file upload.pdb (PDB, C-alpha atoms)
ATOM      1  CA  MET J   1      25.313   2.276  30.736
ATOM      2  CA  MET J   2      21.615   1.423  30.964
ATOM      3  CA  THR J   3      20.785  -2.277  31.060
ATOM      4  CA  THR J   4      18.007  -3.330  28.700
ATOM      5  CA  ARG J   5      15.582  -5.730  30.343
ATOM      6  CA  HIS J   6      12.826  -5.833  27.752
ATOM      7  CA  ASP J   7      12.821  -4.160  24.320
ATOM      8  CA  PHE J   8       9.390  -3.071  23.060
ATOM      9  CA  ARG J   9      10.706  -0.584  20.481
ATOM     10  CA  SER J  10      10.040  -2.739  17.412
ATOM     11  CA  ASP J  11       9.657  -6.299  16.177
ATOM     12  CA  THR J  12      12.899  -5.727  14.248
ATOM     13  CA  VAL J  13      15.032  -6.106  17.409
ATOM     14  CA  THR J  14      14.629  -9.884  17.631
ATOM     15  CA  GLN J  15      17.614 -12.228  17.775
ATOM     16  CA  PRO J  16      17.938 -15.403  15.665
ATOM     17  CA  ASP J  17      17.331 -18.447  17.854
ATOM     18  CA  ALA J  18      19.397 -21.629  17.817
ATOM     19  CA  GLY J  19      17.265 -23.310  15.154
ATOM     20  CA  MET J  20      17.496 -20.325  12.835
ATOM     21  CA  ARG J  21      21.255 -20.040  13.329
ATOM     22  CA  ALA J  22      21.666 -23.741  12.547
ATOM     23  CA  ALA J  23      19.643 -23.352   9.359
ATOM     24  CA  MET J  24      21.826 -20.427   8.327
ATOM     25  CA  ALA J  25      25.035 -22.324   9.068
ATOM     26  CA  SER J  26      24.037 -25.336   6.981
ATOM     27  CA  ALA J  27      22.439 -23.513   4.027
ATOM     28  CA  PRO J  28      23.659 -24.403   0.518
ATOM     29  CA  VAL J  29      24.912 -21.226  -1.143
ATOM     30  CA  GLY J  30      26.025 -19.921  -4.526
ATOM     31  CA  ASP J  31      26.442 -16.596  -6.298
ATOM     32  CA  ASP J  32      22.925 -15.189  -6.404
ATOM     33  CA  VAL J  33      23.812 -12.451  -8.908
ATOM     34  CA  TYR J  34      24.447 -15.344 -11.308
ATOM     35  CA  GLY J  35      21.224 -16.997 -10.114
ATOM     36  CA  GLU J  36      23.177 -19.869  -8.541
ATOM     37  CA  ASP J  37      22.124 -19.716  -4.879
ATOM     38  CA  GLU J  38      19.605 -22.513  -4.392
ATOM     39  CA  THR J  39      18.566 -21.328  -0.914
ATOM     40  CA  VAL J  40      17.694 -17.878  -2.241
ATOM     41  CA  ALA J  41      15.766 -19.507  -5.075
ATOM     42  CA  ALA J  42      13.873 -21.652  -2.592
ATOM     43  CA  LEU J  43      12.942 -18.603  -0.505
ATOM     44  CA  GLU J  44      11.762 -16.660  -3.560
ATOM     45  CA  ALA J  45       9.655 -19.623  -4.681
ATOM     46  CA  LYS J  46       8.223 -20.063  -1.177
ATOM     47  CA  VAL J  47       7.055 -16.458  -0.874
ATOM     48  CA  ALA J  48       5.710 -16.488  -4.446
ATOM     49  CA  GLU J  49       3.675 -19.580  -3.575
ATOM     50  CA  LEU J  50       2.402 -18.075  -0.303
ATOM     51  CA  THR J  51       1.215 -14.920  -2.051
ATOM     52  CA  GLY J  52      -0.099 -16.602  -5.180
ATOM     53  CA  LYS J  53       2.279 -14.748  -7.487
ATOM     54  CA  PRO J  54       4.403 -16.275 -10.272
ATOM     55  CA  GLU J  55       7.869 -15.134  -9.143
ATOM     56  CA  GLY J  56       9.819 -13.377  -6.405
ATOM     57  CA  VAL J  57      13.113 -11.609  -5.848
ATOM     58  CA  PHE J  58      15.031 -11.496  -2.559
ATOM     59  CA  VAL J  59      16.245  -8.030  -1.529
ATOM     60  CA  PRO J  60      18.105  -6.691   1.502
ATOM     61  CA  SER J  61      15.309  -4.579   3.001
ATOM     62  CA  GLY J  62      11.642  -3.652   2.901
ATOM     63  CA  THR J  63      12.587  -0.108   1.964
ATOM     64  CA  GLN J  64      14.472  -1.341  -1.098
ATOM     65  CA  SER J  65      11.644  -3.727  -1.942
ATOM     66  CA  ASN J  66       9.072  -0.924  -1.955
ATOM     67  CA  LEU J  67      11.370   1.375  -3.918
ATOM     68  CA  ILE J  68      12.010  -1.293  -6.542
ATOM     69  CA  ALA J  69       8.260  -1.865  -6.825
ATOM     70  CA  LEU J  70       7.528   1.831  -7.269
ATOM     71  CA  MET J  71      10.289   2.192  -9.874
ATOM     72  CA  SER J  72       9.120  -0.932 -11.720
ATOM     73  CA  HIS J  73       5.553   0.345 -11.970
ATOM     74  CA  CYS J  74       6.322   4.038 -12.557
ATOM     75  CA  GLY J  75       8.692   6.013 -14.750
ATOM     76  CA  ARG J  76      10.114   9.525 -14.467
ATOM     77  CA  GLY J  77       7.312  12.041 -14.074
ATOM     78  CA  ASP J  78       4.776   9.406 -13.054
ATOM     79  CA  GLU J  79       2.868   9.415  -9.785
ATOM     80  CA  PHE J  80       1.814   6.906  -7.144
ATOM     81  CA  ILE J  81      -1.062   7.270  -4.687
ATOM     82  CA  ALA J  82      -0.393   6.249  -1.077
ATOM     83  CA  GLY J  83      -1.521   7.084   2.430
ATOM     84  CA  GLN J  84      -0.081   9.931   4.471
ATOM     85  CA  ASP J  85       0.984   7.295   7.008
ATOM     86  CA  ALA J  86       2.260   4.765   4.459
ATOM     87  CA  HIS J  87       5.786   3.517   5.024
ATOM     88  CA  SER J  88       6.612   3.981   1.331
ATOM     89  CA  TYR J  89       5.658   7.654   1.554
ATOM     90  CA  LYS J  90       6.574   8.702   5.090
ATOM     91  CA  TYR J  91       9.426   6.533   6.332
ATOM     92  CA  GLU J  92      11.629   5.665   3.357
ATOM     93  CA  GLY J  93      13.655   8.836   2.935
ATOM     94  CA  GLY J  94      11.728  10.070  -0.089
ATOM     95  CA  GLY J  95      13.457   7.428  -2.191
ATOM     96  CA  ALA J  96      10.781   7.308  -4.891
ATOM     97  CA  ALA J  97      11.206  11.029  -5.572
ATOM     98  CA  VAL J  98      14.970  11.191  -5.059
ATOM     99  CA  LEU J  99      15.996   8.048  -6.933
ATOM    100  CA  GLY J 100      12.995   7.307  -9.140
ATOM    101  CA  SER J 101      11.795  10.822 -10.058
ATOM    102  CA  ILE J 102       8.345   9.569  -9.077
ATOM    103  CA  GLN J 103       5.861  11.981  -7.526
ATOM    104  CA  PRO J 104       3.944  10.774  -4.472
ATOM    105  CA  GLN J 105       0.298  11.764  -4.129
ATOM    106  CA  PRO J 106      -0.471  11.235  -0.443
ATOM    107  CA  ILE J 107      -4.021  10.860   0.865
ATOM    108  CA  GLU J 108      -4.985  11.084   4.524
ATOM    109  CA  ASN J 109      -5.609   7.643   5.972
ATOM    110  CA  ALA J 110      -9.005   6.931   7.488
ATOM    111  CA  PRO J 111      -9.041   5.799  11.148
ATOM    112  CA  ASP J 112      -9.054   2.140  10.034
ATOM    113  CA  GLY J 113      -5.943   2.693   7.900
ATOM    114  CA  SER J 114      -7.743   2.633   4.560
ATOM    115  CA  LEU J 115      -7.723   5.324   1.874
ATOM    116  CA  PRO J 116     -11.293   6.510   1.180
ATOM    117  CA  LEU J 117     -12.314   5.404  -2.287
ATOM    118  CA  ASP J 118     -13.720   8.796  -3.245
ATOM    119  CA  LYS J 119     -10.408  10.439  -2.325
ATOM    120  CA  ILE J 120      -8.476   7.910  -4.414
ATOM    121  CA  GLU J 121     -10.780   8.605  -7.346
ATOM    122  CA  ALA J 122     -10.382  12.361  -6.950
ATOM    123  CA  ALA J 123      -6.576  12.097  -6.766
ATOM    124  CA  ILE J 124      -6.216  10.310 -10.121
ATOM    125  CA  LYS J 125      -5.023  12.891 -12.624
ATOM    126  CA  PRO J 126      -6.620  13.430 -16.032
ATOM    127  CA  ASP J 127      -4.614  12.834 -19.184
ATOM    128  CA  ASP J 128      -3.263  16.367 -19.383
ATOM    129  CA  ILE J 129       0.280  17.637 -19.913
ATOM    130  CA  HIS J 130      -0.023  19.793 -16.795
ATOM    131  CA  PHE J 131      -0.163  16.783 -14.481
ATOM    132  CA  ALA J 132       2.038  13.892 -13.476
ATOM    133  CA  ARG J 133       0.700  10.621 -14.844
ATOM    134  CA  THR J 134      -1.027   8.589 -12.137
ATOM    135  CA  ARG J 135       0.224   5.022 -12.560
ATOM    136  CA  LEU J 136      -0.037   3.184  -9.254
ATOM    137  CA  LEU J 137      -2.128   2.717  -6.105
ATOM    138  CA  ALA J 138      -0.016   1.563  -3.153
ATOM    139  CA  LEU J 139      -1.710   0.148  -0.042
ATOM    140  CA  GLU J 140      -0.214  -1.233   3.167
ATOM    141  CA  ASN J 141      -1.404  -4.151   5.319
ATOM    142  CA  THR J 142      -1.026  -4.038   8.249
ATOM    143  CA  ILE J 143      -0.705  -0.270   8.604
ATOM    144  CA  GLY J 144       0.012   1.046  12.073
ATOM    145  CA  GLY J 145      -0.797  -2.448  13.295
ATOM    146  CA  LYS J 146      -4.278  -2.311  11.772
ATOM    147  CA  VAL J 147      -5.615  -4.900   9.335
ATOM    148  CA  LEU J 148      -7.247  -3.418   6.249
ATOM    149  CA  PRO J 149     -10.841  -4.660   5.832
ATOM    150  CA  GLN J 150     -10.733  -7.232   3.052
ATOM    151  CA  SER J 151     -13.937  -5.969   1.444
ATOM    152  CA  TYR J 152     -12.337  -2.538   1.219
ATOM    153  CA  VAL J 153      -9.187  -3.974  -0.363
ATOM    154  CA  GLY J 154     -11.278  -5.639  -3.049
ATOM    155  CA  ASP J 155     -13.092  -2.395  -3.782
ATOM    156  CA  ALA J 156      -9.844  -0.379  -3.889
ATOM    157  CA  VAL J 157      -8.157  -2.832  -6.256
ATOM    158  CA  ALA J 158     -11.248  -2.851  -8.487
ATOM    159  CA  LEU J 159     -11.203   0.954  -8.591
ATOM    160  CA  ALA J 160      -7.547   0.947  -9.591
ATOM    161  CA  ARG J 161      -8.209  -1.594 -12.342
ATOM    162  CA  ARG J 162     -11.139   0.421 -13.657
ATOM    163  CA  ARG J 163      -8.960   3.535 -13.835
ATOM    164  CA  GLY J 164      -6.006   1.760 -15.437
ATOM    165  CA  LEU J 165      -3.708   1.828 -12.400
ATOM    166  CA  ALA J 166      -1.307  -0.872 -11.256
ATOM    167  CA  THR J 167      -1.483  -1.927  -7.600
ATOM    168  CA  HIS J 168       1.231  -2.593  -5.026
ATOM    169  CA  LEU J 169       0.822  -3.936  -1.497
ATOM    170  CA  ASP J 170       3.388  -3.139   1.152
ATOM    171  CA  GLY J 171       2.872  -6.348   3.082
ATOM    172  CA  ALA J 172       5.759  -5.875   5.497
ATOM    173  CA  ARG J 173       3.558  -7.396   8.217
ATOM    174  CA  ILE J 174       1.154  -9.302   5.960
ATOM    175  CA  ALA J 175       1.659 -12.435   8.077
ATOM    176  CA  ASN J 176       0.363 -10.515  11.106
ATOM    177  CA  ALA J 177      -2.645  -9.429   9.047
ATOM    178  CA  ALA J 178      -3.290 -13.010   7.936
ATOM    179  CA  VAL J 179      -3.138 -14.422  11.464
ATOM    180  CA  ALA J 180      -5.277 -11.629  12.935
ATOM    181  CA  SER J 181      -7.964 -11.910  10.236
ATOM    182  CA  ASN J 182      -7.864 -15.716   9.996
ATOM    183  CA  ARG J 183      -7.219 -15.427   6.273
ATOM    184  CA  SER J 184      -4.398 -16.754   4.121
ATOM    185  CA  VAL J 185      -1.565 -14.575   2.889
ATOM    186  CA  ARG J 186      -2.649 -15.514  -0.630
ATOM    187  CA  GLU J 187      -6.134 -14.146  -0.006
ATOM    188  CA  LEU J 188      -4.760 -10.857   1.344
ATOM    189  CA  ALA J 189      -2.435 -10.530  -1.674
ATOM    190  CA  GLU J 190      -5.120 -11.335  -4.251
ATOM    191  CA  GLY J 191      -5.547  -8.758  -7.001
ATOM    192  CA  PHE J 192      -2.299  -6.878  -6.371
ATOM    193  CA  ASP J 193       0.249  -6.689  -9.166
ATOM    194  CA  SER J 194       3.103  -6.746  -6.662
ATOM    195  CA  VAL J 195       3.542  -7.462  -2.967
ATOM    196  CA  SER J 196       6.474  -6.832  -0.642
ATOM    197  CA  VAL J 197       6.878  -9.304   2.242
ATOM    198  CA  CYS J 198       9.298  -8.456   5.054
ATOM    199  CA  LEU J 199      11.081 -11.267   6.868
ATOM    200  CA  SER J 200      12.795  -9.204   9.581
ATOM    201  CA  LYS J 201       9.789  -7.777  11.419
ATOM    202  CA  GLY J 202       7.326 -10.076  13.190
ATOM    203  CA  LEU J 203       8.792 -13.164  11.526
ATOM    204  CA  GLY J 204      12.118 -12.676  13.289
ATOM    205  CA  ALA J 205      14.683 -13.104  10.515
ATOM    206  CA  PRO J 206      17.741 -10.839  10.794
ATOM    207  CA  VAL J 207      17.439  -9.262   7.327
ATOM    208  CA  GLY J 208      15.612  -9.314   4.025
ATOM    209  CA  SER J 209      12.354  -8.965   2.126
ATOM    210  CA  VAL J 210      10.903 -10.689  -0.920
ATOM    211  CA  LEU J 211       9.135  -8.767  -3.676
ATOM    212  CA  VAL J 212       6.702 -10.807  -5.775
ATOM    213  CA  GLY J 213       4.843 -10.281  -9.047
ATOM    214  CA  ASP J 214       4.646 -11.654 -12.574
ATOM    215  CA  ALA J 215       7.674 -12.584 -14.664
ATOM    216  CA  ASP J 216       7.946  -9.274 -16.533
ATOM    217  CA  PHE J 217       7.679  -7.289 -13.309
ATOM    218  CA  ILE J 218      10.314  -9.389 -11.527
ATOM    219  CA  GLY J 219      12.599  -9.048 -14.550
ATOM    220  CA  LYS J 220      12.457  -5.261 -14.131
ATOM    221  CA  ALA J 221      12.849  -5.652 -10.387
ATOM    222  CA  ARG J 222      16.059  -7.671 -10.705
ATOM    223  CA  ARG J 223      17.602  -5.022 -12.923
ATOM    224  CA  LEU J 224      16.600  -2.299 -10.474
ATOM    225  CA  ARG J 225      17.916  -4.330  -7.530
ATOM    226  CA  LYS J 226      21.335  -4.342  -9.207
ATOM    227  CA  MET J 227      21.087  -0.640 -10.040
ATOM    228  CA  LEU J 228      20.240   0.183  -6.422
ATOM    229  CA  GLY J 229      23.171  -1.814  -5.071
ATOM    230  CA  GLY J 230      21.117  -4.740  -3.863
ATOM    231  CA  GLY J 231      22.746  -7.580  -5.762
ATOM    232  CA  MET J 232      23.997 -10.178  -3.248
ATOM    233  CA  ARG J 233      26.416 -13.059  -3.655
ATOM    234  CA  GLN J 234      26.260 -16.055  -1.263
ATOM    235  CA  ALA J 235      23.014 -14.745   0.168
ATOM    236  CA  GLY J 236      21.647 -18.191   0.988
ATOM    237  CA  ILE J 237      23.034 -17.763   4.502
ATOM    238  CA  ILE J 238      20.491 -15.041   5.199
ATOM    239  CA  ALA J 239      17.803 -16.468   2.918
ATOM    240  CA  ALA J 240      17.863 -19.602   5.084
ATOM    241  CA  ALA J 241      16.815 -17.464   8.041
ATOM    242  CA  GLY J 242      13.828 -16.252   6.034
ATOM    243  CA  LEU J 243      12.823 -19.792   5.105
ATOM    244  CA  TYR J 244      13.124 -20.864   8.741
ATOM    245  CA  ALA J 245      11.015 -17.891   9.824
ATOM    246  CA  LEU J 246       8.251 -18.758   7.362
ATOM    247  CA  GLU J 247       8.239 -22.372   8.514
ATOM    248  CA  HIS J 248       8.352 -21.724  12.278
ATOM    249  CA  ASN J 249       7.289 -18.173  13.137
ATOM    250  CA  VAL J 250       3.988 -17.469  11.411
ATOM    251  CA  ALA J 251       1.391 -19.244  13.567
ATOM    252  CA  ARG J 252       3.064 -18.013  16.748
ATOM    253  CA  LEU J 253       2.265 -14.407  15.753
ATOM    254  CA  ALA J 254      -1.052 -14.994  17.521
ATOM    255  CA  GLU J 255       0.924 -15.053  20.776
ATOM    256  CA  ASP J 256       2.337 -11.606  20.017
ATOM    257  CA  HIS J 257      -1.162 -10.306  19.329
ATOM    258  CA  ALA J 258      -2.516 -11.727  22.582
ATOM    259  CA  ARG J 259       0.351 -10.227  24.583
ATOM    260  CA  ALA J 260      -0.167  -6.852  22.921
ATOM    261  CA  ARG J 261      -3.802  -6.951  23.966
ATOM    262  CA  ARG J 262      -2.904  -7.846  27.527
ATOM    263  CA  LEU J 263      -0.324  -5.067  27.612
ATOM    264  CA  ALA J 264      -2.829  -2.545  26.248
ATOM    265  CA  GLU J 265      -5.471  -3.511  28.772
ATOM    266  CA  GLY J 266      -2.959  -3.138  31.589
ATOM    267  CA  LEU J 267      -1.814   0.280  30.397
ATOM    268  CA  ALA J 268      -5.410   1.435  29.942
ATOM    269  CA  ARG J 269      -6.027   1.135  33.697
ATOM    270  CA  TYR J 270      -4.287   4.488  34.179
ATOM    271  CA  GLU J 271      -6.265   7.646  33.432
ATOM    272  CA  ALA J 272      -3.129   9.509  32.349
ATOM    273  CA  LEU J 273      -2.577   7.019  29.499
ATOM    274  CA  ARG J 274      -4.800   6.966  26.423
ATOM    275  CA  VAL J 275      -4.421   3.571  24.807
ATOM    276  CA  GLU J 276      -5.469   2.425  21.341
ATOM    277  CA  MET J 277      -6.498  -1.209  21.603
ATOM    278  CA  PRO J 278      -4.408  -3.262  19.143
ATOM    279  CA  GLN J 279      -5.544  -5.516  16.342
ATOM    280  CA  THR J 280      -2.114  -7.123  16.016
ATOM    281  CA  ASN J 281       1.208  -6.563  17.806
ATOM    282  CA  ILE J 282       1.454  -2.758  17.986
ATOM    283  CA  VAL J 283       0.077  -0.666  20.838
ATOM    284  CA  PHE J 284      -0.091   3.132  20.607
ATOM    285  CA  VAL J 285      -0.152   5.083  23.847
ATOM    286  CA  THR J 286      -0.481   8.812  24.497
ATOM    287  CA  ALA J 287       0.640   9.980  27.944
ATOM    288  CA  ASP J 288      -0.854  13.090  29.481
ATOM    289  CA  GLY J 289       1.524  16.032  29.280
ATOM    290  CA  SER J 290       1.762  16.255  33.058
ATOM    291  CA  VAL J 291       3.413  12.834  33.283
ATOM    292  CA  ALA J 292       4.811  12.204  29.776
ATOM    293  CA  LYS J 293       8.481  12.945  30.386
ATOM    294  CA  GLY J 294       8.597  11.405  33.835
ATOM    295  CA  PHE J 295       6.851   8.294  32.607
ATOM    296  CA  ALA J 296       9.218   7.878  29.644
ATOM    297  CA  ASP J 297      12.283   8.460  31.840
ATOM    298  CA  HIS J 298      11.037   5.994  34.460
ATOM    299  CA  MET J 299      10.483   3.211  31.896
ATOM    300  CA  ALA J 300      13.855   3.783  30.252
ATOM    301  CA  GLY J 301      15.591   3.891  33.620
ATOM    302  CA  ALA J 302      14.079   0.524  34.479
ATOM    303  CA  GLY J 303      15.365  -0.970  31.209
ATOM    304  CA  ILE J 304      11.965  -1.112  29.510
ATOM    305  CA  LEU J 305      12.601   0.296  26.026
ATOM    306  CA  VAL J 306       9.731   1.909  24.109
ATOM    307  CA  SER J 307       9.839   4.022  20.949
ATOM    308  CA  GLY J 308       8.394   7.508  20.794
ATOM    309  CA  ARG J 309       8.686  10.960  22.295
ATOM    310  CA  TYR J 310       6.605  13.928  23.454
ATOM    311  CA  GLY J 311       4.182  11.589  25.162
ATOM    312  CA  GLN J 312       3.481   9.539  22.017
ATOM    313  CA  GLN J 313       4.612   5.947  22.490
ATOM    314  CA  ARG J 314       4.599   2.789  20.382
ATOM    315  CA  TRP J 315       4.930  -0.563  22.130
ATOM    316  CA  VAL J 316       5.572  -3.584  19.891
ATOM    317  CA  THR J 317       5.390  -7.213  20.981
ATOM    318  CA  HIS J 318       7.463  -9.881  19.221
ATOM    319  CA  LYS J 319       8.939 -13.330  19.600
ATOM    320  CA  ASP J 320      11.521 -12.187  22.160
ATOM    321  CA  ILE J 321       8.823 -10.656  24.388
ATOM    322  CA  GLY J 322       7.272 -13.327  26.600
ATOM    323  CA  ASP J 323       4.682 -13.250  29.356
ATOM    324  CA  GLU J 324       7.314 -12.273  31.908
ATOM    325  CA  ALA J 325       8.190  -9.169  29.858
ATOM    326  CA  ILE J 326       4.565  -8.058  29.811
ATOM    327  CA  GLU J 327       4.262  -8.521  33.564
ATOM    328  CA  ALA J 328       7.570  -6.729  34.203
ATOM    329  CA  ALA J 329       6.535  -3.803  32.031
ATOM    330  CA  LEU J 330       3.146  -3.440  33.697
ATOM    331  CA  ASP J 331       4.737  -3.747  37.140
ATOM    332  CA  THR J 332       7.148  -0.943  36.223
ATOM    333  CA  VAL J 333       4.249   1.204  34.984
ATOM    334  CA  GLY J 334       2.372   0.538  38.216
ATOM    335  CA  LYS J 335       5.328   1.608  40.329
ATOM    336  CA  PHE J 336       5.564   4.876  38.411
ATOM    337  CA  PHE J 337       1.951   5.828  38.991
ATOM    338  CA  ALA J 338       2.069   4.665  42.603
ATOM    339  CA  SER J 339       4.939   7.090  43.208
ATOM    340  CA  LEU J 340       3.008  10.171  42.040
TER     341      LEU J 340
END
call {"tool": "encode", "arguments": {"input": "upload.pdb", "output": "structure tokens"}}
result
Amino acid sequence: MMTTRHDFRSDTVTQPDAGMRAAMASAPVGDDVYGEDETVAALEAKVAELTGKPEGVFVPSGTQSNLIALMSHCGRGDEFIAGQDAHSYKYEGGGAAVLGSIQPQPIENAPDGSLPLDKIEAAIKPDDIHFARTRLLALENTIGGKVLPQSYVGDAVALARRRGLATHLDGARIANAAVASNRSVRELAEGFDSVSVCLSKGLGAPVGSVLVGDADFIGKARRLRKMLGGGMRQAGIIAAAGLYALEHNVARLAEDHARARRLAEGLARYEALRVEMPQTNIVFVTADGSVAKGFADHMAGAGILVSGRYGQQRWVTHKDIGDEAIEAALDTVGKFFASL
């Protein structure tokens, strides 16, 4: 069996540290379906405060959080606009269509991750029985590790408002976006009707997301959470991990970003690797076809785990990747190219 030395596949592979485990072990708990788990309530209030929204609801996953948001904003036969590369469109099993009877209207993302305003405008359907009813604009920040320009976000939200659309932000890595842009999470969430915040990616909690919005929206969301099987009982044990992550693991995201940059610069030294310089903690690499398979096999054989195939790789830095992991990875890359 292969021994894993360093895991760059995702920032979801992190392990709870001793402080987080202690917080989980000592958390006050109750039956959250009855609204009696004070640790869950504290987490929901914390994320609502961070994002500047009135209320929040704790859910098991980012996928469920986005689905609940889409189903709260849209009914059967309605439509949401999202990017071709958006997680809610591309990577969530088609849940909005399958479970919500909601039609996605994907738009090709621009190189910076945004959706061109003219394409959003053109995608909004007229009030005509032949068309699905366009109800929602869904953006994502970060998307592919890129931070959406804040001026663009303001313009996109204003366009949605002008055209009578609700707005949702998939902020799975919104803390990364905040640290990278030197802005607050509240500022990045401003203007959106709902925001999903993931706790198990860069923040290092083992599970969970919080969906925030106004009281009416969260009331719908709680009903949908139950309908989708997401009601949890003594969930304070895992909510405590989320609270700990928010208190201890936000500022340190800058370390992940710096290591991703150092990793990218090291990989870019090799002509056979085309490297996209990261804004946050995700590095995309394309290996030349002549070396792609050998390179991937060499890294895996050395216990350096990276996601991707067919020469397309994604390297993700996180709290369990330190300086020594970056140096070990680059040393392993160097040995591969030296052997050619």
call {"tool": "resolve_selection", "arguments": {"input": "upload.pdb", "expression": "the PyMOL selection byres ((chain J and resi 275-291) around 6)", "output": "list in words"}}
result
Gly145, Lys146, Asp256, His257, Ala260, Ala268, Ala272, Leu273, Arg274, Ala292, Lys293, Gly294, Phe295, Gly311, Gln312, Gln313, Arg314, Trp315, Val316 and Thr317 of chain J
call {"tool": "residues_around", "arguments": {"input": "upload.pdb", "residues": "Gln15 in chain J", "least_positions_apart": "4", "cutoff": "12 Å", "atoms": "all atoms listed in the file", "output": "list in words"}}
result
Asp7, Asp11, Gly19, Met20, Arg21, Ser200, Lys201, Gly202, Leu203, Gly204, Ala205, Pro206, Val207, Ala241, Ala245, His318, Lys319, Asp320 and Ile321 of chain J
call {"tool": "resolve_selection", "arguments": {"input": "upload.pdb", "expression": "the PyMOL selection byres ((chain J and resi 325) around 10)", "output": "PDB file with C-alpha atoms, in the coordinates of the input"}}
result
ATOM      1  CA  ARG J   5      15.582  -5.730  30.343  1.00  0.00           C
ATOM      2  CA  HIS J   6      12.826  -5.833  27.752  1.00  0.00           C
ATOM      3  CA  ASP J   7      12.821  -4.160  24.320  1.00  0.00           C
ATOM      4  CA  PHE J   8       9.390  -3.071  23.060  1.00  0.00           C
ATOM      5  CA  ARG J 259       0.351 -10.227  24.583  1.00  0.00           C
ATOM      6  CA  LEU J 263      -0.324  -5.067  27.612  1.00  0.00           C
ATOM      7  CA  ILE J 304      11.965  -1.112  29.510  1.00  0.00           C
ATOM      8  CA  THR J 317       5.390  -7.213  20.981  1.00  0.00           C
ATOM      9  CA  ASP J 320      11.521 -12.187  22.160  1.00  0.00           C
ATOM     10  CA  ILE J 321       8.823 -10.656  24.388  1.00  0.00           C
ATOM     11  CA  GLY J 322       7.272 -13.327  26.600  1.00  0.00           C
ATOM     12  CA  ASP J 323       4.682 -13.250  29.356  1.00  0.00           C
ATOM     13  CA  GLU J 324       7.314 -12.273  31.908  1.00  0.00           C
ATOM     14  CA  ILE J 326       4.565  -8.058  29.811  1.00  0.00           C
ATOM     15  CA  GLU J 327       4.262  -8.521  33.564  1.00  0.00           C
ATOM     16  CA  ALA J 328       7.570  -6.729  34.203  1.00  0.00           C
ATOM     17  CA  ALA J 329       6.535  -3.803  32.031  1.00  0.00           C
ATOM     18  CA  LEU J 330       3.146  -3.440  33.697  1.00  0.00           C
ATOM     19  CA  ASP J 331       4.737  -3.747  37.140  1.00  0.00           C
TER      20      ASP J 331
END
call {"tool": "resolve_selection", "arguments": {"input": "upload.pdb", "expression": "the PyMOL selection byres ((chain J and resi 198) around 12)", "output": "VMD selection string"}}
result
chain J and resid 11 to 12 47 57 to 66 141 to 142 169 to 176 195 to 197 199 to 212 239 242 to 243 245 to 246
call {"tool": "axis_aligned_box", "arguments": {"input": "upload.pdb", "around": "range 267-279 of chain J", "padding_each_side": "4 Å", "output": "JSON"}}
result
{"center_x": -4.2, "center_y": 2.0, "center_z": 25.3, "size_x": 12.7, "size_y": 23.0, "size_z": 25.8}
call {"tool": "atom_distance", "arguments": {"input": "upload.pdb", "atom1": "CA of Ala258 in chain J", "atom2": "CA of Val179 in chain J"}}
result
11.5 Å
call {"tool": "closest_residue", "arguments": {"input": "upload.pdb", "among": "J:Pro54, J:Gly308, J:Gly219, J:Gly83", "to": "Pro106 in chain J", "atoms": "only C-alpha atoms"}}
result
J:Gly83
call {"tool": "residues_near_point", "arguments": {"input": "upload.pdb", "point": "(-7.1, 8.4, 11.4)", "cutoff": "12 Å", "atoms": "all atoms listed in the file", "output": "list in words"}}
result
Gly83, Gln84, Asp85, Ile107, Glu108, Asn109, Ala110, Pro111, Asp112, Gly113, Ser114, Leu115, Pro116, Ile143, Gly144, Lys146 and Glu276 of chain J
call {"tool": "residues_around", "arguments": {"input": "upload.pdb", "residues": "Arg225 in chain J", "least_positions_apart": "4", "cutoff": "8 Å", "atoms": "all atoms listed in the file", "output": "mmCIF file with C-alpha atoms, in the frame of the given file"}}
result
data_model
loop_
_atom_site.group_PDB
_atom_site.id
_atom_site.type_symbol
_atom_site.label_atom_id
_atom_site.label_comp_id
_atom_site.auth_asym_id
_atom_site.auth_seq_id
_atom_site.Cartn_x
_atom_site.Cartn_y
_atom_site.Cartn_z
ATOM 1 C CA VAL J 59 16.245 -8.030 -1.529
ATOM 2 C CA GLN J 64 14.472 -1.341 -1.098
ATOM 3 C CA ILE J 68 12.010 -1.293 -6.542
ATOM 4 C CA ALA J 221 12.849 -5.652 -10.387
ATOM 5 C CA GLY J 229 23.171 -1.814 -5.071
ATOM 6 C CA GLY J 230 21.117 -4.740 -3.863
ATOM 7 C CA GLY J 231 22.746 -7.580 -5.762
#
call {"tool": "closest_residue", "arguments": {"input": "upload.pdb", "among": "J:Val185, J:Ile124, J:Leu137, J:Met24", "to": "Ala48 in chain J", "atoms": "all atoms listed in the file"}}
result
J:Val185
call {"tool": "atom_distance", "arguments": {"input": "upload.pdb", "atom1": "CA of Tyr310 in chain J", "atom2": "CA of Phe337 in chain J"}}
result
18.1 Å
call {"tool": "atom_distance", "arguments": {"input": "upload.pdb", "atom1": "CA of Glu265 in chain J", "atom2": "CA of Leu148 in chain J"}}
result
22.6 Å
call {"tool": "closest_residue", "arguments": {"input": "upload.pdb", "among": "J:Cys74, J:Ala338, J:Ala132, J:Ile237", "to": "Ala25 in chain J", "atoms": "all atoms listed in the file"}}
result
J:Ile237
call {"tool": "residues_around", "arguments": {"input": "upload.pdb", "residues": "Leu159 in chain J", "least_positions_apart": "4", "cutoff": "9 Å", "atoms": "only C-alpha atoms", "output": "ChimeraX atom specification"}}
result
/J:117,120-121,154-155,163-165
